[in-house]
Amino acid sequence: DFLGIPLKYIHSRTKENAELQAKKYGAIGTDNLSVILNDPEVVAVFVCSHPKTHFGLSKEVLKAGKQLFVEKPPCFDVEELVGLMEISQNAIVQVGLQKRYAHVYSLLKKRLKKPQHYSLRFCTGGYPEGDEWLDLFIHPIDLVNHLFGEVIRSEITTTSNHKTHLLTLEHSNGTKGHLELSTDYTWSSPIEELRVSDANGNYFSRCINHLEYIKRSQAVLGIPLEKVVKKNVQKEILIDNNGFIPIAELNSLAVQGYLDEIKSFVNSVENHSKASLTSLNDLKLTFDLLKTIKSSL
């Protein structure tokens with residue numbers, strides 16, 4: 001709606017539901033995917049369906065020569081990902097992992113100079129309706145690959161109830177990290193916190209709405225000056241969004257990265273460029289790490 005993207009078709013498993021949704025956009029509702037894929041006017045397709053259908057639908061869209069935006073996960077393992085990469089060739093493909101576009105993490109990635117270590121907590125309530133690794137934990141795992149680079153070493157321990165996983169990771173640039181991934185908390189108060197120790201200070205983000213930076217205290221002969229001379233903590237609030245100002249940039253869909261990821265895809269399609277942060281190639285490291293983790297459980 002906001003970007004004014006012209007939708008020609010809306011497809012659903014039932015024609016009745018497709019037509020109901022299509023009325024909102026002046027589009028055509030259909031339960032026949034081939035009608036869409038054989039239409040030369042259709043340049044790109046958004047696949048936003050049940051996760052189990054993503055891989056099959058993506059293959060059909062790519063084989064028809066269309067550009068593709070597919071919600072995560074695009075597939076279920078590395079082998080399927082490689083298969084999609086082989087089919088896509090020169091196509092523009094973007095996967096819906098919006099946290100790479102979230103304002104907090106976009107700014108953090110720009111500011112990081114020499115990250116040394118980090119801790120990330122991603123904790124929710126129970127998730128019996130799907131695969132917690134591909135539906136939930138793919139977000140923090142993809143995020144640390146995006147922020148800190150390839151993981152070259154990993155260790156994982158799991159609690160006795162198999163609901164909390166503690167990961168220790170080492171990245172190719174020397175950065176080391178600790179992740180707590182859990183479905184043993186509550187959906188009414190989920191936790192998403194990231195702390196990063198960088199060359200000159202420390203960053204802390206909370207629930208993608210808050211990012212702060214605290215400059216590291218200087219030391220003389222190994223003695224922190226703050227222990228000798230009383231000084232105020234130099235804290236810089238970089239982002240603190242409470243949704244008070246009703247503008248597009250502070251809308252939750254923008255803050256979380258959904259707006260910018262769709263913008264990126266549309267711009268790539270219209271300008272025949274590949275500027276995505278979440279192409280199939282970008283996700284190879286993420287799926288490699290997921291394979292390593294799941295094989296050790």
# chains A, B, ... in the order shown; residues from 1 in each chain; ligands from 1
call {"tool": "closest_atom_pairs", "arguments": {"of": "stretch 167-206 of chain A", "to": "stretch 111-116 of chain A", "cutoff": "9 Å", "atoms": "only C-alpha atoms", "output": "Markdown table"}}
result
| residue | atom | partner | partner_atom | distance |
| --- | --- | --- | --- | --- |
| A:Asn173 | CA | A:Pro115 | CA | 8.8 |
| A:Gly174 | CA | A:Gln116 | CA | 7.1 |
| A:Thr175 | CA | A:Gln116 | CA | 4.8 |
| A:Lys176 | CA | A:Gln116 | CA | 6.5 |
| A:Gly177 | CA | A:Gln116 | CA | 8.6 |
| A:Val196 | CA | A:Pro115 | CA | 6.9 |
| A:Ser197 | CA | A:Gln116 | CA | 5.6 |
| A:Asp198 | CA | A:Pro115 | CA | 4.2 |
| A:Ala199 | CA | A:Lys114 | CA | 5.2 |
| A:Asn200 | CA | A:Lys114 | CA | 8.6 |
call {"tool": "write_last_selection", "arguments": {"atoms": "all heavy atoms", "output": "PDB file, in the first residue's frame"}}
result
ATOM      1  N   ASN A 173      36.851 -13.383  11.614  1.00  0.00           N
ATOM      2  CA  ASN A 173      37.600 -12.157  11.947  1.00  0.00           C
ATOM      3  C   ASN A 173      38.077 -12.143  13.396  1.00  0.00           C
ATOM      4  O   ASN A 173      38.605 -11.135  13.876  1.00  0.00           O
ATOM      5  CB  ASN A 173      36.754 -10.912  11.665  1.00  0.00           C
ATOM      6  CG  ASN A 173      35.497 -10.857  12.520  1.00  0.00           C
ATOM      7  OD1 ASN A 173      35.242 -11.732  13.348  1.00  0.00           O
ATOM      8  ND2 ASN A 173      34.700  -9.816  12.315  1.00  0.00           N
ATOM      9  N   GLY A 174      37.878 -13.252  14.120  1.00  0.00           N
ATOM     10  CA  GLY A 174      38.339 -13.338  15.499  1.00  0.00           C
ATOM     11  C   GLY A 174      37.286 -13.000  16.535  1.00  0.00           C
ATOM     12  O   GLY A 174      37.493 -13.230  17.732  1.00  0.00           O
ATOM     13  N   THR A 175      36.162 -12.448  16.111  1.00  0.00           N
ATOM     14  CA  THR A 175      35.089 -12.120  17.046  1.00  0.00           C
ATOM     15  C   THR A 175      34.511 -13.400  17.649  1.00  0.00           C
ATOM     16  O   THR A 175      34.294 -14.389  16.947  1.00  0.00           O
ATOM     17  CB  THR A 175      33.959 -11.354  16.341  1.00  0.00           C
ATOM     18  OG1 THR A 175      34.501 -10.215  15.689  1.00  0.00           O
ATOM     19  CG2 THR A 175      32.899 -10.902  17.348  1.00  0.00           C
ATOM     20  N   LYS A 176      34.267 -13.374  18.950  1.00  0.00           N
ATOM     21  CA  LYS A 176      33.669 -14.521  19.630  1.00  0.00           C
ATOM     22  C   LYS A 176      32.332 -14.111  20.229  1.00  0.00           C
ATOM     23  O   LYS A 176      32.165 -12.970  20.669  1.00  0.00           O
ATOM     24  CB  LYS A 176      34.610 -15.058  20.711  1.00  0.00           C
ATOM     25  CG  LYS A 176      35.914 -15.596  20.139  1.00  0.00           C
ATOM     26  CD  LYS A 176      36.819 -16.159  21.210  1.00  0.00           C
ATOM     27  CE  LYS A 176      38.101 -16.716  20.573  1.00  0.00           C
ATOM     28  NZ  LYS A 176      39.026 -17.282  21.585  1.00  0.00           N
ATOM     29  N   GLY A 177      31.391 -15.060  20.213  1.00  0.00           N
ATOM     30  CA  GLY A 177      30.055 -14.701  20.687  1.00  0.00           C
ATOM     31  C   GLY A 177      29.371 -15.828  21.429  1.00  0.00           C
ATOM     32  O   GLY A 177      29.722 -16.998  21.312  1.00  0.00           O
ATOM     33  N   VAL A 196      27.582  -5.864  22.413  1.00  0.00           N
ATOM     34  CA  VAL A 196      28.792  -6.030  21.608  1.00  0.00           C
ATOM     35  C   VAL A 196      29.916  -5.189  22.194  1.00  0.00           C
ATOM     36  O   VAL A 196      29.742  -3.993  22.457  1.00  0.00           O
ATOM     37  CB  VAL A 196      28.569  -5.596  20.140  1.00  0.00           C
ATOM     38  CG1 VAL A 196      29.829  -5.888  19.318  1.00  0.00           C
ATOM     39  CG2 VAL A 196      27.369  -6.285  19.537  1.00  0.00           C
ATOM     40  N   SER A 197      31.063  -5.820  22.409  1.00  0.00           N
ATOM     41  CA  SER A 197      32.261  -5.097  22.828  1.00  0.00           C
ATOM     42  C   SER A 197      33.083  -4.795  21.587  1.00  0.00           C
ATOM     43  O   SER A 197      33.564  -5.707  20.904  1.00  0.00           O
ATOM     44  CB  SER A 197      33.082  -5.946  23.805  1.00  0.00           C
ATOM     45  OG  SER A 197      34.299  -5.295  24.122  1.00  0.00           O
ATOM     46  N   ASP A 198      33.213  -3.499  21.280  1.00  0.00           N
ATOM     47  CA  ASP A 198      33.943  -3.069  20.092  1.00  0.00           C
ATOM     48  C   ASP A 198      35.260  -2.433  20.518  1.00  0.00           C
ATOM     49  O   ASP A 198      35.565  -2.326  21.716  1.00  0.00           O
ATOM     50  CB  ASP A 198      33.088  -2.083  19.296  1.00  0.00           C
ATOM     51  CG  ASP A 198      33.551  -1.927  17.850  1.00  0.00           C
ATOM     52  OD1 ASP A 198      33.980  -2.932  17.263  1.00  0.00           O
ATOM     53  OD2 ASP A 198      33.487  -0.805  17.327  1.00  0.00           O
ATOM     54  N   ALA A 199      36.052  -1.967  19.572  1.00  0.00           N
ATOM     55  CA  ALA A 199      37.389  -1.457  19.846  1.00  0.00           C
ATOM     56  C   ALA A 199      37.415  -0.368  20.915  1.00  0.00           C
ATOM     57  O   ALA A 199      38.258  -0.387  21.816  1.00  0.00           O
ATOM     58  CB  ALA A 199      38.008  -0.938  18.555  1.00  0.00           C
ATOM     59  N   ASN A 200      36.482   0.582  20.840  1.00  0.00           N
ATOM     60  CA  ASN A 200      36.538   1.735  21.743  1.00  0.00           C
ATOM     61  C   ASN A 200      35.403   1.812  22.746  1.00  0.00           C
ATOM     62  O   ASN A 200      35.334   2.757  23.539  1.00  0.00           O
ATOM     63  CB  ASN A 200      36.565   3.037  20.927  1.00  0.00           C
ATOM     64  CG  ASN A 200      37.794   3.133  20.045  1.00  0.00           C
ATOM     65  OD1 ASN A 200      38.905   2.872  20.490  1.00  0.00           O
ATOM     66  ND2 ASN A 200      37.595   3.481  18.786  1.00  0.00           N
TER      67      ASN A 200
END
call {"tool": "residues_around", "arguments": {"residues": "A:Glu212", "least_positions_apart": "4", "cutoff": "8 Å", "atoms": "only C-alpha atoms", "output": "list of chain:residue names"}}
result
A:Tyr203, A:Phe204, A:Ser205, A:Lys235, A:Glu236, A:Ile237, A:Leu238, A:Ile239
call {"tool": "write_last_selection", "arguments": {"atoms": "N, CA, C and O atoms", "output": "tab-separated table (two decimals), in the first residue's frame"}}
result
chain	number	residue	atom	x	y	z
A	203	TYR	N	28.28	-1.61	22.80
A	203	TYR	CA	26.94	-1.34	22.27
A	203	TYR	C	25.93	-2.26	22.94
A	203	TYR	O	26.24	-3.41	23.28
A	204	PHE	N	24.73	-1.74	23.12
A	204	PHE	CA	23.65	-2.54	23.67
A	204	PHE	C	22.36	-2.22	22.92
A	204	PHE	O	21.98	-1.06	22.76
A	205	SER	N	21.72	-3.26	22.38
A	205	SER	CA	20.43	-3.06	21.71
A	205	SER	C	19.38	-3.90	22.40
A	205	SER	O	19.66	-4.99	22.91
A	235	LYS	N	27.53	7.92	27.90
A	235	LYS	CA	26.56	7.08	27.20
A	235	LYS	C	25.91	7.88	26.08
A	235	LYS	O	25.43	8.99	26.28
A	236	GLU	N	25.87	7.27	24.88
A	236	GLU	CA	25.25	7.92	23.72
A	236	GLU	C	24.05	7.09	23.29
A	236	GLU	O	24.20	5.91	22.96
A	237	ILE	N	22.87	7.69	23.33
A	237	ILE	CA	21.67	7.01	22.87
A	237	ILE	C	21.55	7.21	21.37
A	237	ILE	O	21.33	8.33	20.90
A	238	LEU	N	21.71	6.14	20.63
A	238	LEU	CA	21.70	6.22	19.17
A	238	LEU	C	20.30	6.06	18.59
A	238	LEU	O	19.94	6.71	17.63
A	239	ILE	N	19.52	5.17	19.19
A	239	ILE	CA	18.13	4.95	18.78
A	239	ILE	C	17.31	4.68	20.03
A	239	ILE	O	17.71	3.87	20.88
call {"tool": "closest_residue", "arguments": {"among": "A:Thr278, A:Thr30, A:Asn241, A:Ser160", "to": "A:His146", "atoms": "only C-alpha atoms"}}
result
A:Thr278
call {"tool": "residues_around", "arguments": {"residues": "A:Thr14", "least_positions_apart": "4", "cutoff": "12 Å", "atoms": "only C-alpha atoms", "output": "list of chain:residue names"}}
result
A:Ile10, A:Ala18, A:Glu19, A:Leu20, A:Gln21, A:Gly29, A:Thr30, A:Asp31, A:Asn32, A:Leu33
call {"tool": "closest_residue", "arguments": {"among": "A:Ser106, A:Gln89, A:Asn17, A:Thr158", "to": "A:Leu211", "atoms": "only C-alpha atoms"}}
result
A:Ser106
call {"tool": "residues_around", "arguments": {"residues": "A:Lys274", "least_positions_apart": "4", "cutoff": "10 Å", "atoms": "only C-alpha atoms", "output": "number ranges by chain"}}
result
A: 90-94, 264-265, 267-269, 279
call {"tool": "write_last_selection", "arguments": {"atoms": "N, CA, C and O atoms", "output": "JSON list (two decimals), in the first residue's frame"}}
result
[["chain", "number", "residue", "atom", "x", "y", "z"],
["A", 90, "ASN", "N", 20.59, -15.68, -13.05],
["A", 90, "ASN", "CA", 20.65, -14.21, -13.07],
["A", 90, "ASN", "C", 19.41, -13.54, -12.49],
["A", 90, "ASN", "O", 19.27, -12.32, -12.57],
["A", 91, "ALA", "N", 18.51, -14.32, -11.93],
["A", 91, "ALA", "CA", 17.28, -13.74, -11.37],
["A", 91, "ALA", "C", 17.57, -12.98, -10.09],
["A", 91, "ALA", "O", 18.54, -13.25, -9.39],
["A", 92, "ILE", "N", 16.72, -12.00, -9.80],
["A", 92, "ILE", "CA", 16.78, -11.29, -8.53],
["A", 92, "ILE", "C", 15.95, -12.08, -7.52],
["A", 92, "ILE", "O", 14.75, -12.29, -7.72],
["A", 93, "VAL", "N", 16.60, -12.55, -6.47],
["A", 93, "VAL", "CA", 15.91, -13.32, -5.43],
["A", 93, "VAL", "C", 16.22, -12.69, -4.08],
["A", 93, "VAL", "O", 17.38, -12.45, -3.74],
["A", 94, "GLN", "N", 15.18, -12.42, -3.33],
["A", 94, "GLN", "CA", 15.36, -11.85, -2.00],
["A", 94, "GLN", "C", 14.54, -12.64, -1.00],
["A", 94, "GLN", "O", 13.38, -12.96, -1.23],
["A", 264, "SER", "N", 13.93, -2.47, -1.11],
["A", 264, "SER", "CA", 15.15, -2.96, -1.75],
["A", 264, "SER", "C", 14.81, -3.90, -2.90],
["A", 264, "SER", "O", 15.40, -3.79, -3.99],
["A", 265, "PHE", "N", 13.86, -4.80, -2.68],
["A", 265, "PHE", "CA", 13.47, -5.75, -3.73],
["A", 265, "PHE", "C", 12.86, -5.02, -4.92],
["A", 265, "PHE", "O", 13.23, -5.27, -6.07],
["A", 267, "ASN", "N", 13.17, -1.88, -5.83],
["A", 267, "ASN", "CA", 14.18, -1.08, -6.53],
["A", 267, "ASN", "C", 15.08, -1.95, -7.39],
["A", 267, "ASN", "O", 15.47, -1.56, -8.50],
["A", 268, "SER", "N", 15.44, -3.12, -6.88],
["A", 268, "SER", "CA", 16.29, -4.04, -7.66],
["A", 268, "SER", "C", 15.59, -4.49, -8.93],
["A", 268, "SER", "O", 16.18, -4.54, -10.00],
["A", 269, "VAL", "N", 14.29, -4.83, -8.79],
["A", 269, "VAL", "CA", 13.52, -5.29, -9.96],
["A", 269, "VAL", "C", 13.37, -4.17, -10.98],
["A", 269, "VAL", "O", 13.58, -4.38, -12.18],
["A", 279, "SER", "N", 20.08, -12.16, -0.40],
["A", 279, "SER", "CA", 20.00, -13.02, -1.58],
["A", 279, "SER", "C", 20.26, -14.46, -1.15],
["A", 279, "SER", "O", 20.66, -14.72, -0.01]]
call {"tool": "closest_residue", "arguments": {"among": "A:Leu194, A:Leu297, A:Arg206, A:Asp77", "to": "A:His162", "atoms": "only C-alpha atoms"}}
result
A:Leu297
call {"tool": "select_by_dssp", "arguments": {"residues": "stretch 79-292 of chain A", "states": "strand (DSSP E or B)", "output": "compact mmCIF listing (two decimals) with N, CA, C and O atoms, in the first residue's frame"}}
result
# COMPACT_ATOMS: atom_id res chain seq x y z
N VAL A 93 16.60 -12.55 -6.47
CA VAL A 93 15.91 -13.32 -5.43
C VAL A 93 16.22 -12.69 -4.08
O VAL A 93 17.38 -12.45 -3.74
N GLN A 94 15.18 -12.42 -3.33
CA GLN A 94 15.36 -11.85 -2.00
C GLN A 94 14.54 -12.64 -1.00
O GLN A 94 13.38 -12.96 -1.23
N VAL A 95 15.16 -12.97 0.13
CA VAL A 95 14.51 -13.74 1.19
C VAL A 95 14.10 -12.79 2.31
O VAL A 95 14.86 -11.90 2.68
N GLY A 96 12.91 -13.00 2.85
CA GLY A 96 12.37 -12.12 3.87
C GLY A 96 12.97 -12.33 5.25
O GLY A 96 12.33 -12.88 6.14
N HIS A 117 33.87 -9.26 21.13
CA HIS A 117 32.98 -10.34 21.55
C HIS A 117 31.57 -9.78 21.72
O HIS A 117 31.36 -8.56 21.80
N TYR A 118 30.59 -10.68 21.77
CA TYR A 118 29.19 -10.26 21.89
C TYR A 118 28.39 -11.34 22.61
O TYR A 118 28.82 -12.50 22.72
N SER A 119 27.22 -10.95 23.09
CA SER A 119 26.25 -11.91 23.63
C SER A 119 24.88 -11.52 23.10
O SER A 119 24.55 -10.33 23.05
N LEU A 120 24.12 -12.51 22.67
CA LEU A 120 22.81 -12.26 22.10
C LEU A 120 21.81 -13.20 22.76
O LEU A 120 22.04 -14.42 22.82
N ARG A 121 20.71 -12.63 23.24
CA ARG A 121 19.63 -13.43 23.83
C ARG A 121 18.39 -13.28 22.95
O ARG A 121 17.95 -12.17 22.64
N PHE A 122 17.83 -14.42 22.54
CA PHE A 122 16.62 -14.44 21.72
C PHE A 122 15.70 -15.48 22.34
O PHE A 122 15.87 -16.68 22.12
N CYS A 123 14.75 -15.01 23.15
CA CYS A 123 13.96 -15.91 23.98
C CYS A 123 12.46 -15.63 23.81
O CYS A 123 12.02 -14.48 23.96
N VAL A 151 31.14 -18.04 10.51
CA VAL A 151 31.46 -18.77 11.73
C VAL A 151 32.39 -19.93 11.38
O VAL A 151 32.08 -20.75 10.51
N ILE A 152 33.53 -19.99 12.05
CA ILE A 152 34.51 -21.05 11.76
C ILE A 152 34.54 -22.10 12.87
O ILE A 152 35.11 -23.18 12.67
N ARG A 153 33.95 -21.81 14.02
CA ARG A 153 33.94 -22.78 15.11
C ARG A 153 32.69 -22.59 15.94
O ARG A 153 32.28 -21.45 16.22
N SER A 154 32.04 -23.68 16.33
CA SER A 154 30.81 -23.56 17.12
C SER A 154 30.69 -24.70 18.11
O SER A 154 31.12 -25.83 17.84
N GLU A 155 30.10 -24.39 19.25
CA GLU A 155 29.77 -25.38 20.26
C GLU A 155 28.36 -25.11 20.73
O GLU A 155 27.94 -23.95 20.83
N ILE A 156 27.62 -26.17 21.04
CA ILE A 156 26.24 -25.99 21.48
C ILE A 156 25.92 -26.94 22.62
O ILE A 156 26.34 -28.10 22.62
N THR A 157 25.23 -26.41 23.62
CA THR A 157 24.69 -27.23 24.70
C THR A 157 23.20 -26.95 24.80
O THR A 157 22.75 -25.84 24.51
N THR A 158 22.44 -27.96 25.20
CA THR A 158 20.99 -27.85 25.25
C THR A 158 20.49 -28.30 26.61
O THR A 158 21.01 -29.26 27.19
N THR A 164 16.00 -24.73 25.48
CA THR A 164 17.00 -23.66 25.50
C THR A 164 18.32 -24.19 24.98
O THR A 164 18.79 -25.25 25.39
N HIS A 165 18.92 -23.42 24.06
CA HIS A 165 20.18 -23.82 23.43
C HIS A 165 21.20 -22.70 23.64
O HIS A 165 20.92 -21.53 23.39
N LEU A 166 22.37 -23.08 24.12
CA LEU A 166 23.45 -22.13 24.37
C LEU A 166 24.57 -22.38 23.37
O LEU A 166 25.14 -23.47 23.33
N LEU A 167 24.85 -21.37 22.55
CA LEU A 167 25.84 -21.52 21.48
C LEU A 167 27.05 -20.64 21.76
O LEU A 167 26.90 -19.48 22.19
N THR A 168 28.23 -21.17 21.53
CA THR A 168 29.47 -20.40 21.56
C THR A 168 30.04 -20.42 20.15
O THR A 168 30.28 -21.50 19.60
N LEU A 169 30.25 -19.23 19.58
CA LEU A 169 30.68 -19.13 18.18
C LEU A 169 31.98 -18.35 18.08
O LEU A 169 32.23 -17.42 18.85
N GLU A 170 32.79 -18.72 17.09
CA GLU A 170 33.96 -17.94 16.74
C GLU A 170 33.91 -17.62 15.26
O GLU A 170 33.70 -18.52 14.44
N HIS A 171 34.08 -16.34 14.92
CA HIS A 171 33.99 -15.89 13.54
C HIS A 171 35.36 -15.77 12.91
O HIS A 171 36.39 -15.71 13.60
N LYS A 176 34.27 -13.37 18.95
CA LYS A 176 33.67 -14.52 19.63
C LYS A 176 32.33 -14.11 20.23
O LYS A 176 32.16 -12.97 20.67
N GLY A 177 31.39 -15.06 20.21
CA GLY A 177 30.06 -14.70 20.69
C GLY A 177 29.37 -15.83 21.43
O GLY A 177 29.72 -17.00 21.31
N HIS A 178 28.38 -15.43 22.19
CA HIS A 178 27.57 -16.38 22.96
C HIS A 178 26.10 -16.08 22.67
O HIS A 178 25.66 -14.94 22.74
N LEU A 179 25.34 -17.12 22.31
CA LEU A 179 23.91 -16.97 22.01
C LEU A 179 23.09 -17.81 22.97
O LEU A 179 23.45 -18.96 23.25
N GLU A 180 22.00 -17.23 23.45
CA GLU A 180 20.98 -17.98 24.17
C GLU A 180 19.72 -17.97 23.31
O GLU A 180 19.12 -16.92 23.10
N LEU A 181 19.35 -19.13 22.79
CA LEU A 181 18.16 -19.26 21.96
C LEU A 181 17.17 -20.14 22.71
O LEU A 181 17.48 -21.28 23.04
N SER A 182 15.98 -19.61 22.97
CA SER A 182 15.07 -20.35 23.85
C SER A 182 13.61 -20.15 23.50
O SER A 182 13.19 -19.08 23.07
N ILE A 191 12.31 -11.73 24.66
CA ILE A 191 13.60 -11.06 24.89
C ILE A 191 14.43 -11.09 23.61
O ILE A 191 14.61 -12.14 23.00
N GLU A 192 14.89 -9.93 23.20
CA GLU A 192 15.85 -9.84 22.10
C GLU A 192 16.86 -8.77 22.47
O GLU A 192 16.60 -7.57 22.36
N GLU A 193 18.01 -9.19 22.95
CA GLU A 193 19.04 -8.27 23.44
C GLU A 193 20.39 -8.65 22.84
O GLU A 193 20.74 -9.82 22.76
N LEU A 194 21.15 -7.63 22.46
CA LEU A 194 22.48 -7.84 21.90
C LEU A 194 23.46 -6.88 22.56
O LEU A 194 23.23 -5.68 22.61
N ARG A 195 24.54 -7.43 23.07
CA ARG A 195 25.64 -6.63 23.63
C ARG A 195 26.90 -6.92 22.84
O ARG A 195 27.23 -8.10 22.63
N VAL A 196 27.58 -5.86 22.41
CA VAL A 196 28.79 -6.03 21.61
C VAL A 196 29.92 -5.19 22.19
O VAL A 196 29.74 -3.99 22.46
N SER A 197 31.06 -5.82 22.41
CA SER A 197 32.26 -5.10 22.83
C SER A 197 33.08 -4.79 21.59
O SER A 197 33.56 -5.71 20.90
N GLY A 201 34.50 0.83 22.69
CA GLY A 201 33.37 0.91 23.62
C GLY A 201 32.42 -0.26 23.44
O GLY A 201 32.73 -1.24 22.76
N ASN A 202 31.26 -0.11 24.06
CA ASN A 202 30.29 -1.20 24.07
C ASN A 202 28.93 -0.74 23.57
O ASN A 202 28.48 0.38 23.87
N TYR A 203 28.28 -1.61 22.80
CA TYR A 203 26.94 -1.34 22.27
C TYR A 203 25.93 -2.26 22.94
O TYR A 203 26.24 -3.41 23.28
N PHE A 204 24.73 -1.74 23.12
CA PHE A 204 23.65 -2.54 23.67
C PHE A 204 22.36 -2.22 22.92
O PHE A 204 21.98 -1.06 22.76
N SER A 205 21.72 -3.26 22.38
CA SER A 205 20.43 -3.06 21.71
C SER A 205 19.38 -3.90 22.40
O SER A 205 19.66 -4.99 22.91
N ARG A 206 18.14 -3.38 22.42
CA ARG A 206 17.04 -4.08 23.09
C ARG A 206 15.81 -4.04 22.21
O ARG A 206 15.31 -2.96 21.86
N HIS A 210 15.89 0.09 20.65
CA HIS A 210 16.83 0.86 21.46
C HIS A 210 18.26 0.44 21.15
O HIS A 210 18.57 -0.75 21.10
N LEU A 211 19.12 1.43 20.94
CA LEU A 211 20.55 1.17 20.73
C LEU A 211 21.34 2.26 21.44
O LEU A 211 21.11 3.45 21.24
N GLU A 212 22.27 1.83 22.29
CA GLU A 212 23.10 2.80 23.00
C GLU A 212 24.57 2.40 22.90
O GLU A 212 24.90 1.23 22.64
N TYR A 213 25.43 3.39 23.12
CA TYR A 213 26.87 3.19 23.04
C TYR A 213 27.52 3.81 24.26
O TYR A 213 27.24 4.95 24.62
N ILE A 214 28.36 3.03 24.93
CA ILE A 214 29.10 3.53 26.09
C ILE A 214 30.59 3.46 25.78
O ILE A 214 31.13 2.37 25.53
N LYS A 215 31.23 4.62 25.77
CA LYS A 215 32.65 4.69 25.47
C LYS A 215 33.46 4.05 26.59
O LYS A 215 33.18 4.25 27.76
N ALA A 219 42.60 4.24 30.36
CA ALA A 219 43.43 3.72 31.44
C ALA A 219 44.86 4.20 31.29
O ALA A 219 45.34 4.44 30.18
N VAL A 220 45.54 4.39 32.42
CA VAL A 220 46.95 4.78 32.45
C VAL A 220 47.71 3.70 33.22
O VAL A 220 47.37 3.40 34.38
N ILE A 223 45.57 1.16 34.80
CA ILE A 223 44.63 1.58 35.85
C ILE A 223 43.52 2.42 35.21
O ILE A 223 43.79 3.46 34.60
N PRO A 224 42.25 1.98 35.31
CA PRO A 224 41.13 2.76 34.75
C PRO A 224 41.04 4.13 35.41
O PRO A 224 41.04 4.24 36.65
N LYS A 235 27.53 7.92 27.90
CA LYS A 235 26.56 7.08 27.20
C LYS A 235 25.91 7.88 26.08
O LYS A 235 25.43 8.99 26.28
N GLU A 236 25.87 7.27 24.88
CA GLU A 236 25.25 7.92 23.72
C GLU A 236 24.05 7.09 23.29
O GLU A 236 24.20 5.91 22.96
N ILE A 237 22.87 7.69 23.33
CA ILE A 237 21.67 7.01 22.87
C ILE A 237 21.55 7.21 21.37
O ILE A 237 21.33 8.33 20.90
N LEU A 238 21.71 6.14 20.63
CA LEU A 238 21.70 6.22 19.17
C LEU A 238 20.30 6.06 18.59
O LEU A 238 19.94 6.71 17.63
N ILE A 239 19.52 5.17 19.19
CA ILE A 239 18.13 4.95 18.78
C ILE A 239 17.31 4.68 20.03
O ILE A 239 17.71 3.87 20.88
N ASP A 240 16.20 5.35 20.16
CA ASP A 240 15.28 5.07 21.26
C ASP A 240 13.87 5.36 20.76
O ASP A 240 13.35 6.46 20.92
call {"tool": "select_by_dssp", "arguments": {"residues": "stretch 164-292 of chain A", "states": "helix (DSSP H, G or I)", "output": "NGL selection string"}}
result
:A and (225-227 or 248-250 or 252-255 or 258-271 or 284-292)
call {"tool": "closest_residue", "arguments": {"among": "A:Val47, A:Phe148, A:Asn271, A:Val78", "to": "A:Leu283", "atoms": "only C-alpha atoms"}}
result
A:Val78
call {"tool": "closest_residue", "arguments": {"among": "A:Ser296, A:Thr53, A:Thr186, A:Asn281", "to": "A:Thr124", "atoms": "only C-alpha atoms"}}
result
A:Thr186
call {"tool": "closest_residue", "arguments": {"among": "A:Ser295, A:Ser88, A:Ser12, A:Ser34", "to": "A:Leu280", "atoms": "only C-alpha atoms"}}
result
A:Ser88
call {"tool": "decode", "arguments": {"residues": "stretch 193-200 of chain A", "atoms": "N, CA, C and O atoms", "output": "JSON list (two decimals), in the first residue's frame"}}
result
[["chain", "number", "residue", "atom", "x", "y", "z"],
["A", 193, "GLU", "N", 18.01, -9.19, 22.95],
["A", 193, "GLU", "CA", 19.04, -8.27, 23.44],
["A", 193, "GLU", "C", 20.39, -8.65, 22.84],
["A", 193, "GLU", "O", 20.74, -9.82, 22.76],
["A", 194, "LEU", "N", 21.15, -7.63, 22.46],
["A", 194, "LEU", "CA", 22.48, -7.84, 21.90],
["A", 194, "LEU", "C", 23.46, -6.88, 22.56],
["A", 194, "LEU", "O", 23.23, -5.68, 22.61],
["A", 195, "ARG", "N", 24.54, -7.43, 23.07],
["A", 195, "ARG", "CA", 25.64, -6.63, 23.63],
["A", 195, "ARG", "C", 26.90, -6.92, 22.84],
["A", 195, "ARG", "O", 27.23, -8.10, 22.63],
["A", 196, "VAL", "N", 27.58, -5.86, 22.41],
["A", 196, "VAL", "CA", 28.79, -6.03, 21.61],
["A", 196, "VAL", "C", 29.92, -5.19, 22.19],
["A", 196, "VAL", "O", 29.74, -3.99, 22.46],
["A", 197, "SER", "N", 31.06, -5.82, 22.41],
["A", 197, "SER", "CA", 32.26, -5.10, 22.83],
["A", 197, "SER", "C", 33.08, -4.79, 21.59],
["A", 197, "SER", "O", 33.56, -5.71, 20.90],
["A", 198, "ASP", "N", 33.21, -3.50, 21.28],
["A", 198, "ASP", "CA", 33.94, -3.07, 20.09],
["A", 198, "ASP", "C", 35.26, -2.43, 20.52],
["A", 198, "ASP", "O", 35.56, -2.33, 21.72],
["A", 199, "ALA", "N", 36.05, -1.97, 19.57],
["A", 199, "ALA", "CA", 37.39, -1.46, 19.85],
["A", 199, "ALA", "C", 37.42, -0.37, 20.91],
["A", 199, "ALA", "O", 38.26, -0.39, 21.82],
["A", 200, "ASN", "N", 36.48, 0.58, 20.84],
["A", 200, "ASN", "CA", 36.54, 1.74, 21.74],
["A", 200, "ASN", "C", 35.40, 1.81, 22.75],
["A", 200, "ASN", "O", 35.33, 2.76, 23.54]]
